[in-house]
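Here is the structure we will look at, set down as structure tokens.
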2 protein chains.
Amino acid sequence: MDIIFREKLQEKGLKVTPQRVAIYEAIVKLNNHPTAENVIDYIKENHPNISVGTVYNVLDSLVENTLLKKVKTEKDIMRYDAILSNHHHLYCAETDRIEDYVDEKLNNLINEYFEANKIKNFKVQDIKLQITGKFNNNIKS
Amino acid sequence: MDIIFREKLQEKGLKVTPQRVAIYEAIVKLNNHPTAENVIDYIKENHPNISVGTVYNVLDSLVENTLLKKVKTEKDIMRYDAILSNHHHLYCAETDRIEDYVDEKLNNLINEYFEANKIKNFKVQDIKLQITGKFNNNIKS
DNA sequence: TACACAATGATAATCATTCTTATTTAGGAA
DNA sequence: TTCCTAAATAAGAATGATTATCATTGTGTA
């Protein structure tokens, strides 16, 4: 696994440093989707000479080079919405624009699906779709 | 609209203050899902005597009393994931635990749905499900 | 082996958010 | 209407995560 990671670094033209390897290993070991902070804590335990700034830098550069992905959570939420009905979101990463997307037919489809295909060991309470893409116009509806 | 908001405040036992009304109006006016910062900027323009701390307080208390909702975005992302394949997430708000959820059948269902039901003025690039609920066990699989 | 430049360490700076405390105000009671 | 009390607010300090700075170190190539 290490070897593959080292190869990937080289493919991307990134130097293979012990810090990068250690940080990647930390994420794999902390396989429950660690936060940057989780990684920093782990690194402090196991590689106390790696500095905090480096962890952030490495994480960023690995994400930039698609050796790592970022994932969002329910917490640490940033936007406020005066519309209270249940709705999904259309999101354009380029322009940072968000629009609401209400679609009862889709909700039913998904609910039926999970009714028929239960997830093992998990009770579903709510499902939100984040639909990423591009808007065709620049005018707000 | 204002009147309804004032009534809602009273129902919740919250005092009707000019600050709360102004901040609510700001969110309605900035209807493209403002960030706290967006609201603060707007307030600074239109109600320069309302302090930044108050904006945060009011936003929080309105969310707590379900007069406002929070919405997440792609940016401001906090978690790192070494699994690069396309997958959704099961999320438990209580324990902050995240598990990957891979389901090709579901992906196909959703893709087919959007194939048949295009969204007006929007080109879909990626769809992510955030499935919130509760895990039945505490043991990591 | 030497060199150039990318990467790192240490720490300062930043920026959004939260906290603190004194002051003000909304809204019920007299 | 006026008074009173708890709730709400203003101002600014404090916090905490992230980013920037810059001198030093290390990787990988010639």
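Just remember, in the structure tokens the first chain shown is A, the second B, etc., residues are 1-based per chain, and ligands are 1-based in the order shown.
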
Show which residues sit within 12 Å of C:DG27, as a list of chain:residue names. Count only C-alpha atoms (C1' of nucleotides), and ignore same-chain residues fewer than 6 positions away.
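My reading of the contact set: B:Gln10, B:Gly13, B:Leu14, B:Lys15, B:Val16, B:Thr17, D:DC3, D:DC4, D:DT5, D:DA6, D:DA7.
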
Save the residues we just selected, all heavy atoms, as a compact mmCIF listing (two decimals), in the first residue's frame?
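part-v2.txt, freshly written:
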# COMPACT_ATOMS: atom_id res chain seq x y z
N GLN B 10 -42.73 35.21 18.83
CA GLN B 10 -43.55 35.20 20.04
C GLN B 10 -43.98 33.79 20.43
O GLN B 10 -43.88 33.40 21.59
CB GLN B 10 -44.77 36.10 19.85
CG GLN B 10 -44.38 37.57 19.88
CD GLN B 10 -45.56 38.49 19.69
OE1 GLN B 10 -46.47 38.20 18.92
NE2 GLN B 10 -45.56 39.62 20.40
N GLY B 13 -41.51 32.16 22.29
CA GLY B 13 -41.12 32.84 23.52
C GLY B 13 -39.88 33.70 23.36
O GLY B 13 -39.20 34.00 24.33
N LEU B 14 -39.59 34.08 22.12
CA LEU B 14 -38.43 34.95 21.88
C LEU B 14 -38.92 36.38 21.74
O LEU B 14 -39.96 36.64 21.15
CB LEU B 14 -37.71 34.53 20.60
CG LEU B 14 -37.10 33.13 20.58
CD1 LEU B 14 -36.56 32.81 19.20
CD2 LEU B 14 -36.01 33.01 21.63
N LYS B 15 -38.16 37.30 22.29
CA LYS B 15 -38.56 38.70 22.18
C LYS B 15 -38.38 39.22 20.76
O LYS B 15 -37.43 38.82 20.07
CB LYS B 15 -37.74 39.55 23.16
CG LYS B 15 -38.09 39.23 24.59
CD LYS B 15 -37.37 40.14 25.56
CE LYS B 15 -37.81 39.80 26.98
NZ LYS B 15 -37.00 40.50 27.98
N VAL B 16 -39.30 40.07 20.37
CA VAL B 16 -39.24 40.66 19.03
C VAL B 16 -38.32 41.86 19.10
O VAL B 16 -38.71 42.92 19.60
CB VAL B 16 -40.64 41.07 18.55
CG1 VAL B 16 -40.54 41.73 17.18
CG2 VAL B 16 -41.57 39.87 18.50
N THR B 17 -37.12 41.72 18.62
CA THR B 17 -36.17 42.84 18.65
C THR B 17 -35.90 43.30 17.22
O THR B 17 -36.01 42.52 16.29
CB THR B 17 -34.84 42.42 19.29
OG1 THR B 17 -34.21 41.45 18.45
CG2 THR B 17 -35.05 41.82 20.66
P DC D 3 -41.56 55.23 36.69
OP1 DC D 3 -41.21 55.98 37.93
OP2 DC D 3 -40.77 55.41 35.45
O5' DC D 3 -41.60 53.69 37.06
C5' DC D 3 -42.62 53.20 37.95
C4' DC D 3 -42.33 51.75 38.28
O4' DC D 3 -42.75 50.90 37.18
C3' DC D 3 -40.85 51.42 38.50
O3' DC D 3 -40.77 50.50 39.58
C2' DC D 3 -40.40 50.83 37.18
C1' DC D 3 -41.67 50.12 36.68
N1 DC D 3 -41.84 50.04 35.22
C2 DC D 3 -42.39 48.87 34.66
O2 DC D 3 -42.69 47.94 35.42
N3 DC D 3 -42.58 48.81 33.32
C4 DC D 3 -42.24 49.84 32.55
N4 DC D 3 -42.46 49.72 31.23
C5 DC D 3 -41.68 51.04 33.09
C6 DC D 3 -41.50 51.09 34.41
P DC D 4 -39.38 49.98 40.16
OP1 DC D 4 -39.49 49.83 41.63
OP2 DC D 4 -38.31 50.82 39.56
O5' DC D 4 -39.31 48.52 39.55
C5' DC D 4 -40.40 47.62 39.74
C4' DC D 4 -40.08 46.32 39.01
O4' DC D 4 -40.29 46.51 37.60
C3' DC D 4 -38.63 45.87 39.19
O3' DC D 4 -38.65 44.54 39.69
C2' DC D 4 -38.00 45.99 37.80
C1' DC D 4 -39.21 45.95 36.87
N1 DC D 4 -39.10 46.77 35.62
C2 DC D 4 -39.58 46.24 34.42
O2 DC D 4 -40.05 45.09 34.41
N3 DC D 4 -39.52 47.00 33.29
C4 DC D 4 -39.00 48.22 33.35
N4 DC D 4 -38.97 48.94 32.21
C5 DC D 4 -38.51 48.78 34.56
C6 DC D 4 -38.58 48.03 35.66
P DT D 5 -37.30 43.83 40.16
OP1 DT D 5 -37.55 43.12 41.44
OP2 DT D 5 -36.19 44.81 40.04
O5' DT D 5 -37.13 42.73 39.02
C5' DT D 5 -38.24 41.90 38.64
C4' DT D 5 -37.83 41.07 37.44
O4' DT D 5 -37.92 41.89 36.25
C3' DT D 5 -36.40 40.56 37.50
O3' DT D 5 -36.37 39.23 36.99
C2' DT D 5 -35.63 41.51 36.61
C1' DT D 5 -36.69 41.85 35.55
N1 DT D 5 -36.51 43.18 34.88
C2 DT D 5 -36.99 43.33 33.60
O2 DT D 5 -37.54 42.44 33.00
N3 DT D 5 -36.80 44.57 33.05
C4 DT D 5 -36.17 45.66 33.66
O4 DT D 5 -36.07 46.71 33.07
C5 DT D 5 -35.70 45.44 35.00
C7 DT D 5 -35.00 46.54 35.74
C6 DT D 5 -35.87 44.22 35.54
P DA D 6 -35.09 38.32 37.17
OP1 DA D 6 -35.23 37.50 38.38
OP2 DA D 6 -33.91 39.19 37.01
O5' DA D 6 -35.21 37.38 35.89
C5' DA D 6 -36.48 37.16 35.28
C4' DA D 6 -36.33 37.25 33.78
O4' DA D 6 -36.11 38.63 33.38
C3' DA D 6 -35.15 36.45 33.22
O3' DA D 6 -35.58 35.78 32.06
C2' DA D 6 -34.09 37.52 32.93
C1' DA D 6 -34.94 38.73 32.58
N9 DA D 6 -34.31 40.01 32.90
C8 DA D 6 -33.55 40.32 34.00
N7 DA D 6 -33.13 41.56 34.01
C5 DA D 6 -33.63 42.10 32.84
C6 DA D 6 -33.54 43.39 32.28
N6 DA D 6 -32.88 44.41 32.85
N1 DA D 6 -34.18 43.60 31.10
C2 DA D 6 -34.85 42.59 30.54
N3 DA D 6 -35.01 41.34 30.99
C4 DA D 6 -34.37 41.16 32.15
P DA D 7 -34.63 34.84 31.26
OP1 DA D 7 -35.33 33.57 31.01
OP2 DA D 7 -33.29 34.87 31.89
O5' DA D 7 -34.55 35.64 29.89
C5' DA D 7 -35.73 36.19 29.33
C4' DA D 7 -35.34 37.10 28.19
O4' DA D 7 -34.74 38.31 28.70
C3' DA D 7 -34.33 36.48 27.23
O3' DA D 7 -34.80 36.71 25.92
C2' DA D 7 -33.02 37.22 27.54
C1' DA D 7 -33.53 38.57 28.03
N9 DA D 7 -32.66 39.26 28.99
C8 DA D 7 -32.06 38.73 30.11
N7 DA D 7 -31.35 39.61 30.80
C5 DA D 7 -31.51 40.79 30.08
C6 DA D 7 -31.01 42.09 30.28
N6 DA D 7 -30.22 42.44 31.32
N1 DA D 7 -31.34 43.04 29.39
C2 DA D 7 -32.11 42.70 28.36
N3 DA D 7 -32.65 41.51 28.05
C4 DA D 7 -32.30 40.59 28.97

Those of chain B in DSSP helix (DSSP H, G or I), formatted as number ranges by chain
B: 2-11, 18-29, 36-46, 52-64, 104-116

Closest contacts (chain D/chain A, max 9 Å, only C-alpha atoms (C1' of nucleotides)) as a tab-separated table:
residue	atom	partner	partner_atom	distance
D:DA17	C1'	A:Glu37	CA	8.7
D:DT18	C1'	A:Tyr56	CA	8.0
D:DT19	C1'	A:Gly53	CA	8.3
D:DG26	C1'	A:Thr17	CA	8.5
D:DT27	C1'	A:Lys15	CA	6.4
D:DG28	C1'	A:Lys15	CA	7.9

Serialized selection, C-alpha atoms (C1' of nucleotides), as a compact mmCIF listing (two decimals), in the first residue's frame:
# COMPACT_ATOMS: atom_id res chain seq x y z
C1' DA D 17 -8.37 26.29 13.45
C1' DT D 18 -6.06 27.35 9.35
C1' DT D 19 -2.72 30.00 6.52
C1' DG D 26 16.12 17.02 1.91
C1' DT D 27 14.75 14.86 -2.57
C1' DG D 28 15.86 13.52 -6.84

Near-A:Asn111 list (12 Å; only C-alpha atoms (C1' of nucleotides); drop same-chain fewer than 5 positions) as a PyMOL selection string
(chain A and resi 104-106+116-118+124-128) or (chain B and resi 106+110+131)

DSSP on the backbone, strand (DSSP E) only: what residues of chain A does that give? Format it as an MDAnalysis selection string.
chainID A and resid 69:71 79:81 88:92 97:101 122:135

As a VMD selection string, could you give me every residue of chain A near chain C (at most 8 Å apart, counting only C-alpha atoms (C1' of nucleotides))?
chain A and resid 15 50 to 51 54

Could those residues be written to a file, using all heavy atoms, as a PDB file, in the first residue's frame?
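Result written to part.pdb:
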ATOM      1  N   LYS A  15       7.436  14.965  -4.564  1.00  0.00           N
ATOM      2  CA  LYS A  15       8.541  14.251  -3.947  1.00  0.00           C
ATOM      3  C   LYS A  15       8.041  13.313  -2.849  1.00  0.00           C
ATOM      4  O   LYS A  15       7.092  13.629  -2.142  1.00  0.00           O
ATOM      5  CB  LYS A  15       9.546  15.254  -3.372  1.00  0.00           C
ATOM      6  CG  LYS A  15      10.240  16.028  -4.456  1.00  0.00           C
ATOM      7  CD  LYS A  15      11.314  16.928  -3.928  1.00  0.00           C
ATOM      8  CE  LYS A  15      12.034  17.581  -5.101  1.00  0.00           C
ATOM      9  NZ  LYS A  15      12.957  18.630  -4.678  1.00  0.00           N
ATOM     10  N   ILE A  50       6.923  16.097  13.096  1.00  0.00           N
ATOM     11  CA  ILE A  50       6.234  16.685  11.942  1.00  0.00           C
ATOM     12  C   ILE A  50       5.385  17.848  12.440  1.00  0.00           C
ATOM     13  O   ILE A  50       4.620  17.696  13.386  1.00  0.00           O
ATOM     14  CB  ILE A  50       5.353  15.647  11.224  1.00  0.00           C
ATOM     15  CG1 ILE A  50       6.233  14.522  10.644  1.00  0.00           C
ATOM     16  CG2 ILE A  50       4.537  16.313  10.120  1.00  0.00           C
ATOM     17  CD1 ILE A  50       5.449  13.433   9.946  1.00  0.00           C
ATOM     18  N   SER A  51       5.508  18.992  11.784  1.00  0.00           N
ATOM     19  CA  SER A  51       4.809  20.176  12.295  1.00  0.00           C
ATOM     20  C   SER A  51       3.387  20.276  11.756  1.00  0.00           C
ATOM     21  O   SER A  51       3.043  19.713  10.714  1.00  0.00           O
ATOM     22  CB  SER A  51       5.594  21.437  11.951  1.00  0.00           C
ATOM     23  OG  SER A  51       5.367  21.795  10.631  1.00  0.00           O
ATOM     24  N   THR A  54       2.774  21.524   8.272  1.00  0.00           N
ATOM     25  CA  THR A  54       3.072  20.512   7.258  1.00  0.00           C
ATOM     26  C   THR A  54       1.885  19.582   7.048  1.00  0.00           C
ATOM     27  O   THR A  54       1.580  19.210   5.909  1.00  0.00           O
ATOM     28  CB  THR A  54       4.309  19.701   7.670  1.00  0.00           C
ATOM     29  OG1 THR A  54       5.417  20.595   7.755  1.00  0.00           O
ATOM     30  CG2 THR A  54       4.621  18.615   6.664  1.00  0.00           C
TER      31      THR A  54
END

Here is a test: counting only C-alpha atoms, which residue of B:Leu30, B:Val102, B:Leu68, B:Ile43 is nearest to chain A?
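Closest candidate: B:Leu68.
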
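For the residues A:Glu99, A:Glu11, A:Phe122, A:Lys134, ranking by smallest atom-to-atom distance to A:Thr66 using only C-alpha atoms places A:Glu11 first.
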